[in-house]
$ cat protein-v7.cif   # mmCIF, C-alpha atoms and all ligand atoms
data_protein
#
loop_
_atom_site.label_atom_id
_atom_site.label_comp_id
_atom_site.auth_asym_id
_atom_site.auth_seq_id
_atom_site.Cartn_x
_atom_site.Cartn_y
_atom_site.Cartn_z
CA MET W 30 0.00 0.00 0.00
CA SER W 31 2.82 2.38 0.77
CA LEU W 32 4.22 1.66 -2.67
CA CYS W 33 0.80 2.31 -4.11
CA MET W 34 0.57 5.54 -2.22
CA ASN W 35 3.94 6.72 -3.46
CA GLN W 36 2.79 6.01 -6.96
CA ALA W 37 -0.33 7.97 -6.24
CA VAL W 38 1.69 10.92 -5.02
CA VAL W 39 3.94 10.84 -8.05
CA LYS W 40 1.03 10.40 -10.45
CA GLY W 41 -0.89 13.14 -8.71
CA LEU W 42 2.09 15.44 -9.03
CA MET W 43 2.47 14.66 -12.69
CA ALA W 44 -1.21 14.83 -13.45
CA CYS W 45 -1.96 17.95 -11.49
CA ALA W 46 0.99 20.22 -12.13
CA PRO W 47 0.46 21.46 -15.66
CA LEU W 48 3.29 23.40 -17.24
CA ALA W 49 1.43 26.66 -16.82
CA HIS W 50 2.02 26.31 -13.11
CA ALA W 51 5.76 25.82 -13.41
CA SER W 52 6.64 29.47 -12.97
CA GLN W 53 4.32 29.80 -9.98
CA PHE W 54 6.04 26.77 -8.59
CA ALA W 55 9.44 28.40 -8.94
CA GLN W 56 8.06 31.49 -7.24
CA SER W 57 6.60 29.53 -4.35
CA ALA W 58 9.76 27.48 -4.00
CA ARG W 59 11.69 30.67 -3.47
CA HIS W 60 9.52 31.41 -0.48
CA GLY W 61 10.80 28.25 1.13
CA ALA W 62 9.00 25.37 2.75
CA LEU W 63 5.90 27.35 3.67
CA GLY W 64 5.58 28.51 0.09
CA LEU W 65 5.92 24.95 -1.10
CA SER W 66 3.19 23.56 1.12
CA ASN W 67 0.92 26.46 0.19
CA PHE W 68 1.68 25.74 -3.42
CA LEU W 69 0.74 22.09 -2.99
CA ALA W 70 -2.51 22.94 -1.26
CA LEU W 71 -3.53 25.74 -3.61
CA GLN W 72 -2.30 24.74 -7.03
CA LEU W 73 -2.74 21.00 -6.83
CA GLY W 74 -5.91 21.30 -4.78
CA GLN W 75 -7.61 23.01 -7.71
CA SER W 76 -7.79 19.92 -9.86
CA SER W 77 -11.00 17.97 -9.33
CA THR W 78 -8.99 14.76 -9.21
CA SER W 79 -6.27 16.01 -6.90
CA ILE W 80 -5.00 13.70 -4.18
CA PHE W 81 -4.07 16.89 -2.28
CA ALA W 82 -7.68 17.92 -1.71
CA PRO W 83 -9.34 14.96 0.06
CA GLU W 84 -13.10 15.14 0.71
CA GLY W 85 -13.76 11.86 2.53
CA THR W 86 -12.33 9.76 5.34
CA PRO W 87 -10.28 7.18 3.41
CA ALA W 88 -8.77 9.85 1.14
CA ARG W 89 -8.05 12.08 4.12
CA SER W 90 -6.16 9.41 6.04
CA ILE W 91 -4.24 8.43 2.90
CA PHE W 92 -3.39 12.11 2.36
CA GLY W 93 -2.10 12.39 5.96
CA LEU W 94 0.03 9.30 5.49
CA SER W 95 1.44 10.44 2.16
CA MET W 96 2.41 13.79 3.71
CA LEU W 97 4.27 11.90 6.48
CA VAL W 98 6.05 9.71 3.90
CA LEU W 99 6.84 12.76 1.80
CA ALA W 100 8.21 14.64 4.83
CA ILE W 101 10.43 11.73 5.90
CA CYS W 102 11.74 11.25 2.35
CA ALA W 103 12.32 14.99 1.92
CA THR W 104 14.32 15.09 5.19
CA ILE W 105 16.44 12.15 4.06
CA PHE W 106 17.02 13.85 0.74
CA VAL W 107 18.08 17.14 2.34
CA VAL W 108 20.43 15.42 4.83
CA VAL W 109 22.04 13.11 2.25
CA ALA W 110 22.32 15.74 -0.48
CA GLY W 111 23.63 18.26 2.09
CA LEU W 112 26.34 15.91 3.34
CA LEU W 113 27.27 15.04 -0.23
CA LEU W 114 27.51 18.68 -1.22
CA PHE W 115 29.55 19.50 1.88
CA THR W 116 31.98 16.65 1.15
CA VAL W 117 32.33 17.52 -2.52
CA ILE W 118 33.16 21.15 -1.72
CA ARG W 119 35.14 20.80 1.50
CA TYR W 120 37.34 17.93 0.28
CA ARG W 121 37.70 18.92 -3.37
CA HIS W 122 41.10 18.59 -5.07
CA ARG W 123 43.38 21.57 -4.45
CA PRO W 124 46.63 22.36 -6.34
CA SER W 125 48.53 22.23 -3.05
CA ASP W 126 47.41 18.62 -2.39
CA SER W 127 50.03 15.91 -2.68
CA ASP W 128 49.26 12.95 -4.96
CA ARG W 129 49.63 10.49 -2.09
CA GLU W 130 46.55 8.40 -1.28
CA PRO W 131 44.99 9.40 2.06
CA PRO W 132 44.94 6.78 4.85
CA GLN W 133 42.29 4.10 4.08
CA ILE W 134 39.91 3.12 6.89
CA TYR W 135 38.53 -0.42 6.84
CA GLY W 136 35.55 -1.15 9.06
CA SER W 137 33.99 1.20 11.57
CA ASN W 138 31.41 -0.25 13.93
CA GLN W 139 30.04 3.21 14.63
CA VAL W 140 29.47 4.15 11.00
CA GLU W 141 28.15 0.73 10.03
CA LEU W 142 25.79 0.58 12.99
CA SER W 143 24.42 4.04 12.29
CA TRP W 144 23.71 3.34 8.63
CA THR W 145 22.03 0.09 9.51
CA VAL W 146 20.04 1.09 12.56
CA ILE W 147 18.75 4.47 11.35
CA PRO W 148 17.28 3.15 8.05
CA VAL W 149 15.74 0.19 9.90
CA LEU W 150 14.08 2.59 12.32
CA ILE W 151 12.78 4.72 9.44
CA ILE W 152 11.38 1.66 7.68
CA VAL W 153 9.69 0.53 10.89
CA VAL W 154 8.07 3.95 11.31
CA LEU W 155 6.87 3.95 7.68
CA PHE W 156 5.62 0.38 8.01
CA LEU W 157 3.72 0.99 11.23
CA ALA W 158 2.17 4.24 9.99
CA THR W 159 1.06 2.54 6.75
CA ALA W 160 -0.25 -0.57 8.52
CA ARG W 161 -2.24 1.62 10.88
CA ILE W 162 -3.98 3.43 8.00
CA ILE W 163 -4.67 0.14 6.19
CA PHE W 164 -6.27 -1.33 9.32
CA THR W 165 -8.31 1.72 10.27
CA THR W 166 -9.61 1.97 6.69
CA GLN W 167 -10.37 -1.71 6.22
CA GLN W 168 -11.64 -2.58 9.69
CA ALA W 169 -13.73 0.54 10.20
CA PRO W 170 -17.00 -0.52 11.86
CA ARG W 171 -19.76 -0.48 9.29
CA PRO W 172 -22.70 1.70 10.35
CA LYS W 173 -26.22 0.30 9.96
CA ALA W 174 -27.12 3.16 7.63
CA ALA W 175 -24.42 2.18 5.15
CA LEU W 176 -25.50 1.76 1.54
CA ASN W 177 -24.27 -1.17 -0.50
CA VAL W 178 -23.52 -0.84 -4.20
CA VAL W 179 -22.20 -3.56 -6.48
CA VAL W 180 -19.68 -2.19 -8.96
CA ILE W 181 -18.91 -4.20 -12.10
CA GLY W 182 -16.17 -3.05 -14.43
CA HIS W 183 -16.72 -3.60 -18.16
CA GLN W 184 -14.59 -2.69 -21.13
CA TYR W 185 -15.10 0.51 -21.05
CA TRP W 186 -17.93 1.39 -18.74
CA TRP W 187 -19.11 0.91 -15.15
CA GLU W 188 -22.18 -0.97 -14.04
CA TYR W 189 -23.69 0.01 -10.67
CA ARG W 190 -26.26 -2.18 -8.91
CA TYR W 191 -28.13 -1.29 -5.74
CA PRO W 192 -29.37 -4.76 -4.72
CA LYS W 193 -31.57 -3.67 -1.80
CA LEU W 194 -33.13 -0.85 -3.80
CA GLY W 195 -33.64 -2.79 -7.02
CA ILE W 196 -31.75 -0.21 -9.08
CA VAL W 197 -29.35 -0.85 -11.95
CA THR W 198 -27.54 2.02 -13.60
CA ALA W 199 -24.30 2.81 -15.39
CA ASN W 200 -21.38 5.21 -15.33
CA GLU W 201 -22.85 7.72 -12.87
CA LEU W 202 -22.83 6.55 -9.27
CA HIS W 203 -25.22 8.28 -6.89
CA VAL W 204 -24.50 8.03 -3.17
CA PRO W 205 -25.86 9.91 -0.17
CA VAL W 206 -23.62 12.59 1.29
CA SER W 207 -22.21 11.35 4.59
CA ASP W 208 -22.68 13.63 7.57
CA PRO W 209 -19.74 12.96 9.96
CA SER W 210 -22.09 13.07 12.98
CA ASN W 211 -24.37 10.49 11.36
CA PRO W 212 -22.23 8.74 8.77
CA THR W 213 -23.85 7.06 5.78
CA PRO W 214 -20.85 5.62 3.96
CA THR W 215 -21.29 3.66 0.74
CA TYR W 216 -19.71 0.22 0.58
CA LEU W 217 -18.67 -0.91 -2.86
CA THR W 218 -18.53 -4.63 -3.68
CA MET W 219 -16.52 -4.81 -6.84
CA SER W 220 -15.79 -7.27 -9.59
CA SER W 221 -15.18 -7.29 -13.32
CA ALA W 222 -17.04 -8.81 -16.28
CA ASP W 223 -13.96 -9.07 -18.47
CA THR W 224 -10.48 -7.87 -17.63
CA ASP W 225 -8.74 -5.95 -14.83
CA HIS W 226 -9.92 -2.44 -14.09
CA SER W 227 -9.26 -0.15 -11.15
CA PHE W 228 -11.74 2.16 -9.46
CA TRP W 229 -10.11 5.44 -8.50
CA VAL W 230 -11.77 8.62 -7.32
CA PRO W 231 -8.71 10.35 -5.82
CA VAL W 232 -10.64 12.90 -3.77
CA LEU W 233 -12.66 10.17 -2.04
CA ALA W 234 -10.41 7.14 -1.55
CA GLY W 235 -7.45 5.13 -2.77
CA LYS W 236 -7.48 2.86 -5.79
CA MET W 237 -9.14 -0.53 -5.73
CA ASP W 238 -8.47 -3.14 -8.38
CA VAL W 239 -11.57 -4.57 -10.06
CA ILE W 240 -10.70 -8.10 -11.10
CA PRO W 241 -12.73 -10.89 -12.75
CA ASN W 242 -13.62 -13.81 -10.43
CA LYS W 243 -12.55 -11.87 -7.37
CA ILE W 244 -14.56 -9.63 -5.10
CA ASN W 245 -12.86 -6.57 -3.68
CA THR W 246 -14.47 -4.09 -1.36
CA MET W 247 -13.94 -0.47 -0.44
CA TRP W 248 -15.99 2.36 1.04
CA ILE W 249 -16.43 6.05 0.40
CA ASP W 250 -18.03 8.74 2.56
CA PRO W 251 -18.05 12.11 0.76
CA ASP W 252 -18.97 14.73 3.34
CA LYS W 253 -19.88 17.52 0.92
CA PRO W 254 -22.58 17.25 -1.75
CA GLY W 255 -21.27 17.48 -5.27
CA LEU W 256 -19.75 15.66 -8.19
CA TYR W 257 -16.50 13.72 -7.71
CA LEU W 258 -14.55 12.62 -10.75
CA GLY W 259 -12.42 9.57 -11.22
CA GLN W 260 -10.98 7.26 -13.78
CA CYS W 261 -10.30 3.60 -14.42
CA ALA W 262 -6.71 3.36 -13.21
CA GLN W 263 -5.72 0.03 -14.71
CA TYR W 264 -5.01 -0.22 -18.42
CA CYS W 265 -7.89 -2.39 -19.67
CA GLY W 266 -7.89 -1.91 -23.43
CA ALA W 267 -8.27 0.58 -26.27
CA GLN W 268 -10.73 2.91 -24.55
CA HIS W 269 -9.36 2.66 -21.01
CA ALA W 270 -8.75 6.41 -21.00
CA LYS W 271 -12.46 7.06 -21.62
CA MET W 272 -13.64 4.86 -18.78
CA LEU W 273 -14.37 7.77 -16.51
CA ILE W 274 -16.08 7.71 -13.13
CA ARG W 275 -18.64 10.21 -11.90
CA VAL W 276 -19.74 9.99 -8.28
CA TYR W 277 -22.64 12.25 -7.30
CA ALA W 278 -22.88 12.82 -3.56
CA ASP W 279 -26.54 13.79 -3.13
CA THR W 280 -28.23 15.48 -0.19
CA PRO W 281 -30.69 13.11 1.53
CA ALA W 282 -33.63 14.72 -0.30
CA GLU W 283 -31.91 14.56 -3.70
CA PHE W 284 -30.89 10.97 -3.09
CA ALA W 285 -34.42 9.91 -2.11
CA ALA W 286 -35.77 11.59 -5.25
CA TRP W 287 -33.14 9.91 -7.40
CA ILE W 288 -34.00 6.48 -5.95
CA LYS W 289 -37.68 7.05 -6.60
CA ASP W 290 -37.07 8.01 -10.23
CA GLN W 291 -34.75 5.07 -10.85
CA GLN W 292 -37.17 2.57 -9.31
CA HIS W 293 -39.90 3.48 -11.81
CA PRO W 294 -40.00 1.21 -14.85
CA ALA W 295 -38.79 2.99 -17.97
CA LEU W 296 -41.18 5.58 -19.35
CA GLN W 297 -43.40 4.49 -22.24
CA ALA W 298 -44.05 7.90 -23.81
CA ALA W 299 -46.64 7.54 -26.57
CA SER W 300 -44.82 10.20 -28.59
CA ALA W 301 -41.75 7.97 -28.81
CA SER W 302 -43.45 4.71 -29.74
CA GLU W 303 -41.84 4.65 -33.19
CA GLY W 304 -38.35 4.90 -31.73
CA ARG W 305 -39.23 2.21 -29.20
CA THR W 306 -40.19 -0.10 -32.05
CA VAL W 307 -36.87 0.62 -33.80
CA PHE W 308 -35.03 -0.12 -30.55
CA LEU W 309 -36.96 -3.32 -29.85
CA SER W 310 -36.67 -4.65 -33.39
CA ASN W 311 -32.91 -4.19 -33.63
CA ALA W 312 -30.01 -5.98 -31.95
CA CYS W 313 -29.97 -3.24 -29.28
CA VAL W 314 -32.11 -5.56 -27.12
CA ASN W 315 -29.39 -8.21 -27.03
CA CYS W 316 -26.98 -5.89 -25.30
CA HIS W 317 -29.14 -3.35 -23.46
CA THR W 318 -31.90 -3.50 -20.85
CA VAL W 319 -34.84 -1.12 -20.79
CA SER W 320 -37.06 -2.09 -17.86
CA GLY W 321 -40.66 -2.92 -18.71
CA THR W 322 -39.79 -3.92 -22.28
CA ALA W 323 -38.47 -7.08 -23.93
CA ALA W 324 -34.93 -5.65 -23.86
CA HIS W 325 -32.97 -7.62 -21.25
CA GLY W 326 -29.41 -7.51 -22.59
CA THR W 327 -26.62 -7.06 -20.07
CA PHE W 328 -23.56 -6.69 -22.27
CA GLY W 329 -23.97 -2.92 -22.47
CA PRO W 330 -25.19 -0.26 -20.02
CA ASP W 331 -28.78 -0.36 -18.70
CA LEU W 332 -30.67 2.31 -20.64
CA SER W 333 -33.90 2.38 -18.57
CA HIS W 334 -33.10 5.85 -17.26
CA LEU W 335 -30.46 6.95 -19.74
CA ALA W 336 -31.80 10.50 -20.03
CA SER W 337 -31.38 11.04 -16.28
CA ARG W 338 -27.62 10.90 -16.77
CA ALA W 339 -25.43 13.87 -17.63
CA THR W 340 -23.04 12.00 -19.91
CA ILE W 341 -22.90 8.98 -22.21
CA ALA W 342 -20.19 6.44 -22.98
CA SER W 343 -18.75 6.48 -19.46
CA GLY W 344 -18.29 10.21 -19.16
CA ALA W 345 -16.81 10.56 -22.67
CA VAL W 346 -19.28 13.23 -23.83
CA PRO W 347 -22.23 15.17 -22.35
CA LEU W 348 -25.62 13.66 -23.03
CA ASN W 349 -27.62 15.63 -25.59
CA GLN W 350 -29.62 14.73 -28.67
CA GLN W 351 -26.74 15.42 -31.06
CA ASN W 352 -24.10 13.43 -29.18
CA LEU W 353 -26.49 10.56 -28.56
CA ARG W 354 -27.41 10.34 -32.23
CA ALA W 355 -23.76 10.43 -33.29
CA PHE W 356 -22.88 7.74 -30.74
CA ILE W 357 -25.65 5.36 -31.83
CA ASP W 358 -24.77 6.01 -35.48
CA ASP W 359 -21.20 4.95 -34.80
CA PRO W 360 -19.73 4.71 -31.28
CA ALA W 361 -16.31 5.27 -32.86
CA ASN W 362 -17.32 8.91 -33.32
CA PHE W 363 -16.33 9.40 -29.68
CA LYS W 364 -14.92 6.07 -28.58
CA PRO W 365 -13.07 4.14 -31.27
CA GLY W 366 -12.67 0.63 -29.94
CA ALA W 367 -15.81 0.72 -27.79
CA LEU W 368 -17.49 -2.68 -27.78
CA MET W 369 -20.73 -1.49 -29.35
CA PRO W 370 -20.93 -2.00 -33.10
CA ALA W 371 -22.04 0.74 -35.49
CA MET W 372 -25.62 -0.34 -36.10
CA HIS W 373 -26.05 1.19 -39.58
CA LEU W 374 -29.55 2.46 -38.92
CA SER W 375 -31.22 4.62 -41.54
CA ASN W 376 -31.33 8.34 -40.77
CA HIS W 377 -35.01 8.03 -40.07
CA ASP W 378 -34.58 5.16 -37.59
CA LEU W 379 -31.61 6.90 -36.02
CA ASP W 380 -33.67 10.02 -35.31
CA ALA W 381 -36.54 7.96 -33.94
CA VAL W 382 -34.42 5.82 -31.61
CA THR W 383 -32.50 8.87 -30.38
CA GLN W 384 -35.75 10.62 -29.61
CA TYR W 385 -37.01 7.54 -27.79
CA LEU W 386 -33.89 7.23 -25.64
CA MET W 387 -34.08 10.93 -24.75
CA THR W 388 -37.47 10.24 -23.14
CA LEU W 389 -36.05 7.63 -20.76
CA ARG W 390 -35.72 9.77 -17.66
C1 LIG E 1 -23.08 -5.95 -29.26
C2 LIG E 1 -23.72 -5.26 -28.18
C3 LIG E 1 -24.40 -3.94 -28.42
C4 LIG E 1 -25.39 -3.65 -29.32
C5 LIG E 1 -25.99 -4.56 -30.37
C6 LIG E 1 -25.77 -2.29 -29.07
N1 LIG E 1 -25.02 -1.77 -28.06
FE1 LIG E 1 -25.21 0.07 -27.25
N2 LIG E 1 -23.60 -0.26 -26.07
C7 LIG E 1 -22.91 -1.45 -26.00
C8 LIG E 1 -21.76 -1.25 -25.15
C9 LIG E 1 -20.71 -2.30 -24.80
C10 LIG E 1 -21.81 0.07 -24.70
C11 LIG E 1 -20.79 0.79 -23.80
C12 LIG E 1 -19.81 1.52 -24.66
C13 LIG E 1 -18.76 2.26 -23.86
O1 LIG E 1 -19.11 3.23 -23.18
O2 LIG E 1 -17.59 1.86 -23.92
C14 LIG E 1 -22.98 0.67 -25.29
C15 LIG E 1 -23.39 1.97 -25.05
C16 LIG E 1 -24.58 2.50 -25.52
C17 LIG E 1 -25.10 3.77 -25.14
C18 LIG E 1 -24.48 4.72 -24.11
C19 LIG E 1 -24.98 4.31 -22.75
C20 LIG E 1 -24.38 5.03 -21.60
O3 LIG E 1 -24.96 5.01 -20.52
O4 LIG E 1 -23.31 5.64 -21.73
C21 LIG E 1 -26.27 3.94 -25.82
C22 LIG E 1 -27.19 5.12 -25.74
C23 LIG E 1 -26.46 2.78 -26.63
N3 LIG E 1 -25.42 1.90 -26.41
C24 LIG E 1 -27.53 2.59 -27.48
C25 LIG E 1 -27.66 1.50 -28.35
C26 LIG E 1 -28.69 1.39 -29.36
C27 LIG E 1 -29.79 2.40 -29.60
C28 LIG E 1 -28.46 0.20 -30.02
C29 LIG E 1 -29.23 -0.37 -31.17
C30 LIG E 1 -29.41 0.49 -32.32
C31 LIG E 1 -27.30 -0.41 -29.39
N4 LIG E 1 -26.85 0.40 -28.42
C32 LIG E 1 -26.77 -1.63 -29.77
C33 LIG E 1 -23.22 -2.61 -26.64
C34 LIG E 1 -24.17 -2.73 -27.64
CU CU E 2 -10.96 -0.12 -17.21
#
$ encode --input "protein-v7.cif" --output "structure tokens"
Amino acid sequence: MSLCMNQAVVKGLMACAPLAHASQFAQSARHGALGLSNFLALQLGQSSTSIFAPEGTPARSIFGLSMLVLAICATIFVVVAGLLLFTVIRYRHRPSDSDREPPQIYGSNQVELSWTVIPVLIIVVLFLATARIIFTTQQAPRPKAALNVVVIGHQYWWEYRYPKLGIVTANELHVPVSDPSNPTPTYLTMSSADTDHSFWVPVLAGKMDVIPNKINTMWIDPDKPGLYLGQCAQYCGAQHAKMLIRVYADTPAEFAAWIKDQQHPALQAASASEGRTVFLSNACVNCHTVSGTAAHGTFGPDLSHLASRATIASGAVPLNQQNLRAFIDDPANFKPGALMPAMHLSNHDLDAVTQYLMTLR
């Protein structure tokens, strides 16, 4: 985990420090350590996927730990580099030096003990601090009010199932905001339908691998309402980069309303009956489910409430009539390599089916 965390820090640094910030960085660095920590908090905290701006318990404890690791490593760097610099300058070659070799010292218990014992102590501290965070995160008592969501990774989209609520949705995860005085964390039970994926919403928690034939679990407890972004963090194929994660932390009222909407069977608007016929008479039904119809496919995302989502194709593009039509016409318009074939519908059918799907709130 500590290795993982270091990777996270490095990745976060690389991902969140665009070049435009380089000059500000230099400026802050000149103001010394305080400037640097301000820089980290302000500049890196601005990115919506910054590991330096945690908004939930697991992410916050991981952030604390990574700051400790960073501080210890920075101290070691300063001490070692300082001693090296001192030695290089103080004992540099001078014209007055003789060419004779200086006396060679073989074996020094003091020196050898110090460079064995000190690193061992540092490793023990890092190990204990990391183990403590792993245990407090994994063994945290699970409150009764906790929500359970099953997360299934697919090439290149996310399936979310709420077994107790009878809800199935895709790509946009809704969870209740968790009030620290009355926590309602969301427990994720995760597996994969095909290959390895990794669920990572940096502001909420660490990464969790999503692996076929294995069930992994994690929990999140966003304490502010809002949208939290993430990304599949394990290379899983051609469109891995467009396997985005959107977690909506809803207020209790919003969440209750969302549940109610999702529990309704899909709308059967009379105005869209032509598009429904196109949908039901094409291969769409083999891959997609629309509740209350004959479409029970599970290879692709559940479309029963497609129009209640803000994006399509796992966060690749915003949902609107134009994007939806272009996607159904040929998914490669946005996601070359997506596992939905271009269905070669006529323009007329394409318009009708797009209109139908836009009614599925
Ligand atoms: C062979 C299976 C297959 C068929 C047939 C198929 N799809 Fe898909 N569809 C998928 C997959 C897989 C995805 C997920 C693509 C991604 O995001 O990577 C998808 C995604 C979608 C999405 C975006 C859903 C979302 O929540 O982002 C829509 C809309 C959609 N399909 C509509 C249709 C329509 C309409 C038809 C019929 C004309 C159809 N599909 C036929 C497999 C299929
Ligand atoms: Cu993936």
$ closest_residue --input "protein-v7.cif" --among "W:Gln184, W:Asn242, W:Thr86, W:Ser220" --to "ligand LIG 1 (chain E)" --atoms "all atoms listed in the file"
W:Gln184
$ residues_near_ligand --input "protein-v7.cif" --ligand "ligand LIG 1 (chain E)" --cutoff "8 Å" --atoms "all atoms listed in the file" --output "number ranges by chain"
W: 183-186, 198-200, 268, 271-272, 307-308, 311-317, 328-332, 335, 338, 340-345, 353, 356-358, 360, 364, 366-372, 374, 379, 382-383, 386
$ closest_residue --input "protein-v7.cif" --among "W:Leu94, W:Met237, W:Ile288, W:Ala355" --to "ligand CU 2 (chain E)" --atoms "only C-alpha atoms and all ligand atoms"
W:Met237
$ residues_near_ligand --input "protein-v7.cif" --ligand "ligand CU 2 (chain E)" --cutoff "12 Å" --atoms "only C-alpha atoms and all ligand atoms" --output "PyMOL selection string"
chain W and resi 181-188+200+220-229+237-241+259-274+343+367
$ atom_distance --input "protein-v7.cif" --atom1 "CA of Ile91 in chain W" --atom2 "CA of Phe156 in chain W"
13.7 Å
$ residues_around --input "protein-v7.cif" --residues "Ile196 in chain W" --least-positions-apart "2" --cutoff "8 Å" --atoms "only C-alpha atoms" --output "list in words"
Arg190, Tyr191, Pro192, Leu194, Thr198, Ile288, Gln291 and Gln292 of chain W
$ write_last_selection --input "protein-v7.cif" --atoms "C-alpha atoms" --output "JSON list (two decimals), keeping the file's coordinate frame"
[["chain", "number", "residue", "atom", "x", "y", "z"],
["W", 190, "ARG", "CA", -26.26, -2.18, -8.91],
["W", 191, "TYR", "CA", -28.13, -1.29, -5.74],
["W", 192, "PRO", "CA", -29.37, -4.76, -4.72],
["W", 194, "LEU", "CA", -33.13, -0.85, -3.80],
["W", 198, "THR", "CA", -27.54, 2.02, -13.60],
["W", 288, "ILE", "CA", -34.00, 6.48, -5.95],
["W", 291, "GLN", "CA", -34.75, 5.07, -10.85],
["W", 292, "GLN", "CA", -37.17, 2.57, -9.31]]
$ closest_residue --input "protein-v7.cif" --among "W:Phe284, W:Phe363, W:Phe92, W:Tyr135" --to "Ser79 in chain W" --atoms "only C-alpha atoms"
W:Phe92
$ atom_distance --input "protein-v7.cif" --atom1 "CA of Pro214 in chain W" --atom2 "CA of Pro170 in chain W"
10.7 Å
$ residues_around --input "protein-v7.cif" --residues "range 160-163 of chain W" --least-positions-apart "6" --cutoff "12 Å" --atoms "all atoms listed in the file" --output "PyMOL selection string"
chain W and resi 30-31+33-34+86-95+97+152-154+169+234-235+247
$ build_atoms --input "protein-v7.cif" --residues "range 149-163 of chain W" --atoms "N, CA and C atoms" --output "PDB file, keeping the file's coordinate frame"
ATOM      1  N   VAL W 149      16.700   1.180   9.395  1.00  0.00           N
ATOM      2  CA  VAL W 149      15.740   0.190   9.900  1.00  0.00           C
ATOM      3  C   VAL W 149      14.647   0.899  10.706  1.00  0.00           C
ATOM      4  N   LEU W 150      15.071   1.853  11.534  1.00  0.00           N
ATOM      5  CA  LEU W 150      14.080   2.590  12.320  1.00  0.00           C
ATOM      6  C   LEU W 150      13.103   3.342  11.413  1.00  0.00           C
ATOM      7  N   ILE W 151      13.655   3.973  10.366  1.00  0.00           N
ATOM      8  CA  ILE W 151      12.780   4.720   9.440  1.00  0.00           C
ATOM      9  C   ILE W 151      11.780   3.785   8.777  1.00  0.00           C
ATOM     10  N   ILE W 152      12.275   2.615   8.331  1.00  0.00           N
ATOM     11  CA  ILE W 152      11.380   1.660   7.680  1.00  0.00           C
ATOM     12  C   ILE W 152      10.291   1.203   8.653  1.00  0.00           C
ATOM     13  N   VAL W 153      10.677   0.966   9.901  1.00  0.00           N
ATOM     14  CA  VAL W 153       9.690   0.530  10.890  1.00  0.00           C
ATOM     15  C   VAL W 153       8.613   1.598  11.071  1.00  0.00           C
ATOM     16  N   VAL W 154       9.052   2.857  11.155  1.00  0.00           N
ATOM     17  CA  VAL W 154       8.070   3.950  11.310  1.00  0.00           C
ATOM     18  C   VAL W 154       7.127   3.979  10.098  1.00  0.00           C
ATOM     19  N   LEU W 155       7.711   3.916   8.884  1.00  0.00           N
ATOM     20  CA  LEU W 155       6.870   3.950   7.680  1.00  0.00           C
ATOM     21  C   LEU W 155       5.917   2.756   7.654  1.00  0.00           C
ATOM     22  N   PHE W 156       6.441   1.589   8.030  1.00  0.00           N
ATOM     23  CA  PHE W 156       5.620   0.380   8.010  1.00  0.00           C
ATOM     24  C   PHE W 156       4.459   0.489   8.994  1.00  0.00           C
ATOM     25  N   LEU W 157       4.773   0.915  10.218  1.00  0.00           N
ATOM     26  CA  LEU W 157       3.720   0.990  11.230  1.00  0.00           C
ATOM     27  C   LEU W 157       2.666   2.034  10.850  1.00  0.00           C
ATOM     28  N   ALA W 158       3.135   3.186  10.361  1.00  0.00           N
ATOM     29  CA  ALA W 158       2.170   4.240   9.990  1.00  0.00           C
ATOM     30  C   ALA W 158       1.265   3.739   8.866  1.00  0.00           C
ATOM     31  N   THR W 159       1.848   3.040   7.881  1.00  0.00           N
ATOM     32  CA  THR W 159       1.060   2.540   6.750  1.00  0.00           C
ATOM     33  C   THR W 159       0.088   1.453   7.217  1.00  0.00           C
ATOM     34  N   ALA W 160       0.600   0.518   8.053  1.00  0.00           N
ATOM     35  CA  ALA W 160      -0.250  -0.570   8.520  1.00  0.00           C
ATOM     36  C   ALA W 160      -1.433  -0.011   9.308  1.00  0.00           C
ATOM     37  N   ARG W 161      -1.171   1.038  10.082  1.00  0.00           N
ATOM     38  CA  ARG W 161      -2.240   1.620  10.880  1.00  0.00           C
ATOM     39  C   ARG W 161      -3.362   2.158   9.974  1.00  0.00           C
ATOM     40  N   ILE W 162      -2.960   2.868   8.916  1.00  0.00           N
ATOM     41  CA  ILE W 162      -3.980   3.430   8.000  1.00  0.00           C
ATOM     42  C   ILE W 162      -4.731   2.302   7.292  1.00  0.00           C
ATOM     43  N   ILE W 163      -3.993   1.254   6.872  1.00  0.00           N
ATOM     44  CA  ILE W 163      -4.670   0.140   6.190  1.00  0.00           C
ATOM     45  C   ILE W 163      -5.716  -0.466   7.128  1.00  0.00           C
TER      46      ILE W 163
END
